[in-house]
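Read through the structure below, which is laid out as structure tokens, and then see the notes.
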Amino acid sequence: MLTQHLNPLTPVEIHQLALKEVPGIGLATVYRSLKSLAAEGHVVAVEIPGQAPRYERADKGHHHHFMCRECKGVFELETCLDGIKGMAPNGFRVDDHEIILYGVCENCLSKGLGTTPSHPAHAACGHTH
Ligand SMILES: [Zn+2]
Ligand SMILES: [Zn+2]
């Protein structure tokens, strides 16, 4: 059920999609199968602070995410930053990193949403917290 969907989905979203294919399937069943898919390494959890964990296929390789603050949609980014390991102090070893971009997606912008920054003090730098 995750295979056709590019963007990471919450268990509730996956449940809604699964219901179209398997009428009557319970949310608990979706949680259980996500757990075993994760244990087998087929899906990975995408943790976004303040958000329910989302799941996506594990075979996509290194990538990052963009979160729309209007629709709360999470989108995949294909690019990473060169030289990100250089941010760590000398003598430190970097094993992994997380980058989440926050903003407004194309769809929401086209509906005229997201024109007022949620936090005016941060309007210039694009931060939404
Ligand atoms: Zn959006
Ligand atoms: Zn990266």
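In the structure tokens, each chain is lettered A, B, ... as it comes, each chain's residues begin at 1, and ligands are numbered from 1 in order of appearance.
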
At a cut-off of 9 Å and counting only C-alpha atoms and all ligand atoms, what residues surround ligand 1? Please answer as a PDB file with N, CA and C atoms, in the first residue's frame.
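The result, stored in part04.pdb:
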```
ATOM      1  N   MET A  67       8.028  20.150   4.701  1.00  0.00           N
ATOM      2  CA  MET A  67       6.699  20.122   5.292  1.00  0.00           C
ATOM      3  C   MET A  67       5.957  21.419   5.027  1.00  0.00           C
ATOM      4  N   CYS A  68       4.752  21.279   4.465  1.00  0.00           N
ATOM      5  CA  CYS A  68       3.906  22.443   4.205  1.00  0.00           C
ATOM      6  C   CYS A  68       3.172  22.808   5.481  1.00  0.00           C
ATOM      7  N   ARG A  69       3.317  24.044   5.915  1.00  0.00           N
ATOM      8  CA  ARG A  69       2.688  24.416   7.180  1.00  0.00           C
ATOM      9  C   ARG A  69       1.201  24.692   7.006  1.00  0.00           C
ATOM     10  N   GLU A  70       0.721  24.766   5.786  1.00  0.00           N
ATOM     11  CA  GLU A  70      -0.711  24.975   5.573  1.00  0.00           C
ATOM     12  C   GLU A  70      -1.470  23.654   5.570  1.00  0.00           C
ATOM     13  N   CYS A  71      -1.074  22.719   4.724  1.00  0.00           N
ATOM     14  CA  CYS A  71      -1.813  21.457   4.622  1.00  0.00           C
ATOM     15  C   CYS A  71      -1.155  20.349   5.428  1.00  0.00           C
ATOM     16  N   LYS A  72      -0.007  20.651   6.057  1.00  0.00           N
ATOM     17  CA  LYS A  72       0.745  19.667   6.843  1.00  0.00           C
ATOM     18  C   LYS A  72       1.220  18.491   5.985  1.00  0.00           C
ATOM     19  N   GLY A  73       1.196  18.690   4.685  1.00  0.00           N
ATOM     20  CA  GLY A  73       1.698  17.655   3.800  1.00  0.00           C
ATOM     21  C   GLY A  73       3.213  17.574   3.881  1.00  0.00           C
ATOM     22  N   VAL A  74       3.743  16.375   3.709  1.00  0.00           N
ATOM     23  CA  VAL A  74       5.186  16.179   3.723  1.00  0.00           C
ATOM     24  C   VAL A  74       5.605  15.672   2.350  1.00  0.00           C
ATOM     25  N   GLY A 103       7.641  25.269   4.939  1.00  0.00           N
ATOM     26  CA  GLY A 103       7.179  26.339   4.075  1.00  0.00           C
ATOM     27  C   GLY A 103       5.767  26.061   3.607  1.00  0.00           C
ATOM     28  N   VAL A 104       5.466  26.478   2.401  1.00  0.00           N
ATOM     29  CA  VAL A 104       4.133  26.296   1.839  1.00  0.00           C
ATOM     30  C   VAL A 104       4.287  25.610   0.491  1.00  0.00           C
ATOM     31  N   CYS A 105       3.523  24.552   0.273  1.00  0.00           N
ATOM     32  CA  CYS A 105       3.670  23.794  -0.969  1.00  0.00           C
ATOM     33  C   CYS A 105       3.014  24.540  -2.139  1.00  0.00           C
ATOM     34  N   GLU A 106       3.345  24.082  -3.324  1.00  0.00           N
ATOM     35  CA  GLU A 106       2.848  24.708  -4.554  1.00  0.00           C
ATOM     36  C   GLU A 106       1.323  24.743  -4.583  1.00  0.00           C
ATOM     37  N   ASN A 107       0.728  23.626  -4.165  1.00  0.00           N
ATOM     38  CA  ASN A 107      -0.724  23.511  -4.181  1.00  0.00           C
ATOM     39  C   ASN A 107      -1.377  24.559  -3.280  1.00  0.00           C
ATOM     40  N   CYS A 108      -0.833  24.710  -2.066  1.00  0.00           N
ATOM     41  CA  CYS A 108      -1.397  25.688  -1.128  1.00  0.00           C
ATOM     42  C   CYS A 108      -1.142  27.112  -1.614  1.00  0.00           C
ATOM     43  N   LEU A 109       0.041  27.357  -2.165  1.00  0.00           N
ATOM     44  CA  LEU A 109       0.335  28.693  -2.681  1.00  0.00           C
ATOM     45  C   LEU A 109      -0.627  29.056  -3.801  1.00  0.00           C
ATOM     46  N   LEU A 113      -3.004  30.357  -0.075  1.00  0.00           N
ATOM     47  CA  LEU A 113      -2.688  30.149   1.336  1.00  0.00           C
ATOM     48  C   LEU A 113      -1.230  30.495   1.590  1.00  0.00           C
ATOM     49  N   GLY A 114      -0.933  30.725   2.856  1.00  0.00           N
ATOM     50  CA  GLY A 114       0.465  30.892   3.242  1.00  0.00           C
ATOM     51  C   GLY A 114       1.051  32.247   2.918  1.00  0.00           C
TER      52      GLY A 114
END
```

*Quick one: DSSP strand (DSSP E) residues in chain A, as a ChimeraX atom specification?*
/A:43-46,54-57,64-68,74-77,100-103

Give me a file of those residues, with C-alpha atoms, as an mmCIF file, in the first residue's frame.
```cif
data_model
loop_
_atom_site.group_PDB
_atom_site.id
_atom_site.type_symbol
_atom_site.label_atom_id
_atom_site.label_comp_id
_atom_site.auth_asym_id
_atom_site.auth_seq_id
_atom_site.Cartn_x
_atom_site.Cartn_y
_atom_site.Cartn_z
ATOM 1 C CA VAL A 43 9.560 0.850 5.396
ATOM 2 C CA VAL A 44 11.173 3.504 7.541
ATOM 3 C CA ALA A 45 9.613 5.979 9.926
ATOM 4 C CA VAL A 46 9.999 9.650 9.079
ATOM 5 C CA ARG A 54 5.044 8.938 8.885
ATOM 6 C CA TYR A 55 6.185 5.949 6.954
ATOM 7 C CA GLU A 56 7.771 5.592 3.570
ATOM 8 C CA ARG A 57 9.508 2.921 1.556
ATOM 9 C CA HIS A 64 15.086 14.858 2.858
ATOM 10 C CA HIS A 65 11.633 16.279 3.391
ATOM 11 C CA PHE A 66 9.669 19.465 3.047
ATOM 12 C CA MET A 67 6.699 20.122 5.292
ATOM 13 C CA CYS A 68 3.906 22.443 4.205
ATOM 14 C CA VAL A 74 5.186 16.179 3.723
ATOM 15 C CA PHE A 75 7.023 16.028 0.413
ATOM 16 C CA GLU A 76 10.224 14.398 -0.648
ATOM 17 C CA LEU A 77 13.277 16.374 -1.627
ATOM 18 C CA ILE A 100 13.478 19.334 7.152
ATOM 19 C CA LEU A 101 12.429 22.350 5.147
ATOM 20 C CA TYR A 102 9.289 24.158 6.290
ATOM 21 C CA GLY A 103 7.179 26.339 4.075
#
```

*asked:* Measuring between only C-alpha atoms and all ligand atoms, which one of A:Gly112, A:Pro89, A:Gly26, A:Gly61 shows the shortest distance to ligand 2?
replied: A:Gly61

So that each row is one residue of chain A with an atom at most 8 Å from ligand 2, can you give its shortest atom pair and the distance in Å to one decimal, using only C-alpha atoms and all ligand atoms, rows by chain and rising number, as a tab-separated table?
```
residue	atom	partner	partner_atom_place_in_ligand_line	distance
A:His62	CA	ligand 2	1 (Zn)	6.2
A:His63	CA	ligand 2	1 (Zn)	5.7
A:His64	CA	ligand 2	1 (Zn)	6.2
A:Thr79	CA	ligand 2	1 (Zn)	7.3
A:Cys80	CA	ligand 2	1 (Zn)	4.3
A:Leu81	CA	ligand 2	1 (Zn)	6.1
A:Ile84	CA	ligand 2	1 (Zn)	7.7
A:Asp96	CA	ligand 2	1 (Zn)	7.9
A:His97	CA	ligand 2	1 (Zn)	6.2
A:Glu98	CA	ligand 2	1 (Zn)	6.6
A:Ile99	CA	ligand 2	1 (Zn)	6.7
```

With N, CA and C atoms kept, could you save the residues just selected as a PDB file, in the first residue's frame?
```pdb
ATOM      1  N   HIS A  62      19.141   8.088   0.270  1.00  0.00           N
ATOM      2  CA  HIS A  62      19.231   9.288   1.094  1.00  0.00           C
ATOM      3  C   HIS A  62      18.436  10.438   0.506  1.00  0.00           C
ATOM      4  N   HIS A  63      17.541  10.991   1.294  1.00  0.00           N
ATOM      5  CA  HIS A  63      16.810  12.165   0.831  1.00  0.00           C
ATOM      6  C   HIS A  63      16.250  12.911   2.042  1.00  0.00           C
ATOM      7  N   HIS A  64      15.632  14.031   1.780  1.00  0.00           N
ATOM      8  CA  HIS A  64      15.086  14.858   2.858  1.00  0.00           C
ATOM      9  C   HIS A  64      13.640  15.213   2.582  1.00  0.00           C
ATOM     10  N   THR A  79      17.364  16.351  -3.252  1.00  0.00           N
ATOM     11  CA  THR A  79      18.735  16.834  -3.100  1.00  0.00           C
ATOM     12  C   THR A  79      19.176  16.860  -1.650  1.00  0.00           C
ATOM     13  N   CYS A  80      20.480  16.871  -1.482  1.00  0.00           N
ATOM     14  CA  CYS A  80      21.078  17.048  -0.173  1.00  0.00           C
ATOM     15  C   CYS A  80      22.096  18.169  -0.308  1.00  0.00           C
ATOM     16  N   LEU A  81      22.665  18.568   0.805  1.00  0.00           N
ATOM     17  CA  LEU A  81      23.649  19.638   0.767  1.00  0.00           C
ATOM     18  C   LEU A  81      25.047  19.049   0.707  1.00  0.00           C
ATOM     19  N   ILE A  84      27.886  19.013   4.122  1.00  0.00           N
ATOM     20  CA  ILE A  84      27.144  19.148   5.379  1.00  0.00           C
ATOM     21  C   ILE A  84      27.961  18.609   6.556  1.00  0.00           C
ATOM     22  N   ASP A  96      25.120  10.689  10.491  1.00  0.00           N
ATOM     23  CA  ASP A  96      23.825  10.863   9.831  1.00  0.00           C
ATOM     24  C   ASP A  96      23.373  12.306  10.053  1.00  0.00           C
ATOM     25  N   HIS A  97      22.363  12.701   9.330  1.00  0.00           N
ATOM     26  CA  HIS A  97      21.797  14.032   9.549  1.00  0.00           C
ATOM     27  C   HIS A  97      20.353  14.035   9.088  1.00  0.00           C
ATOM     28  N   GLU A  98      19.621  15.006   9.574  1.00  0.00           N
ATOM     29  CA  GLU A  98      18.226  15.198   9.190  1.00  0.00           C
ATOM     30  C   GLU A  98      18.071  16.635   8.738  1.00  0.00           C
ATOM     31  N   ILE A  99      17.405  16.834   7.633  1.00  0.00           N
ATOM     32  CA  ILE A  99      17.086  18.198   7.204  1.00  0.00           C
ATOM     33  C   ILE A  99      15.600  18.231   6.894  1.00  0.00           C
TER      34      ILE A  99
END
```

*Non-local contacts of A:Thr29 (12 Å; only C-alpha atoms; under 4 positions in same chain excluded) as a PyMOL selection string*: chain A and resi 11-12+14-15+18-19+22+24-25+33-36

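Straight-line separation from atom CA of A:His42 to atom CA of A:Ala58: 5.2 Å.
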
*What is the atom CA of A:Lys20 to atom CA of A:Pro53 distance in Å?*
22.0 Å
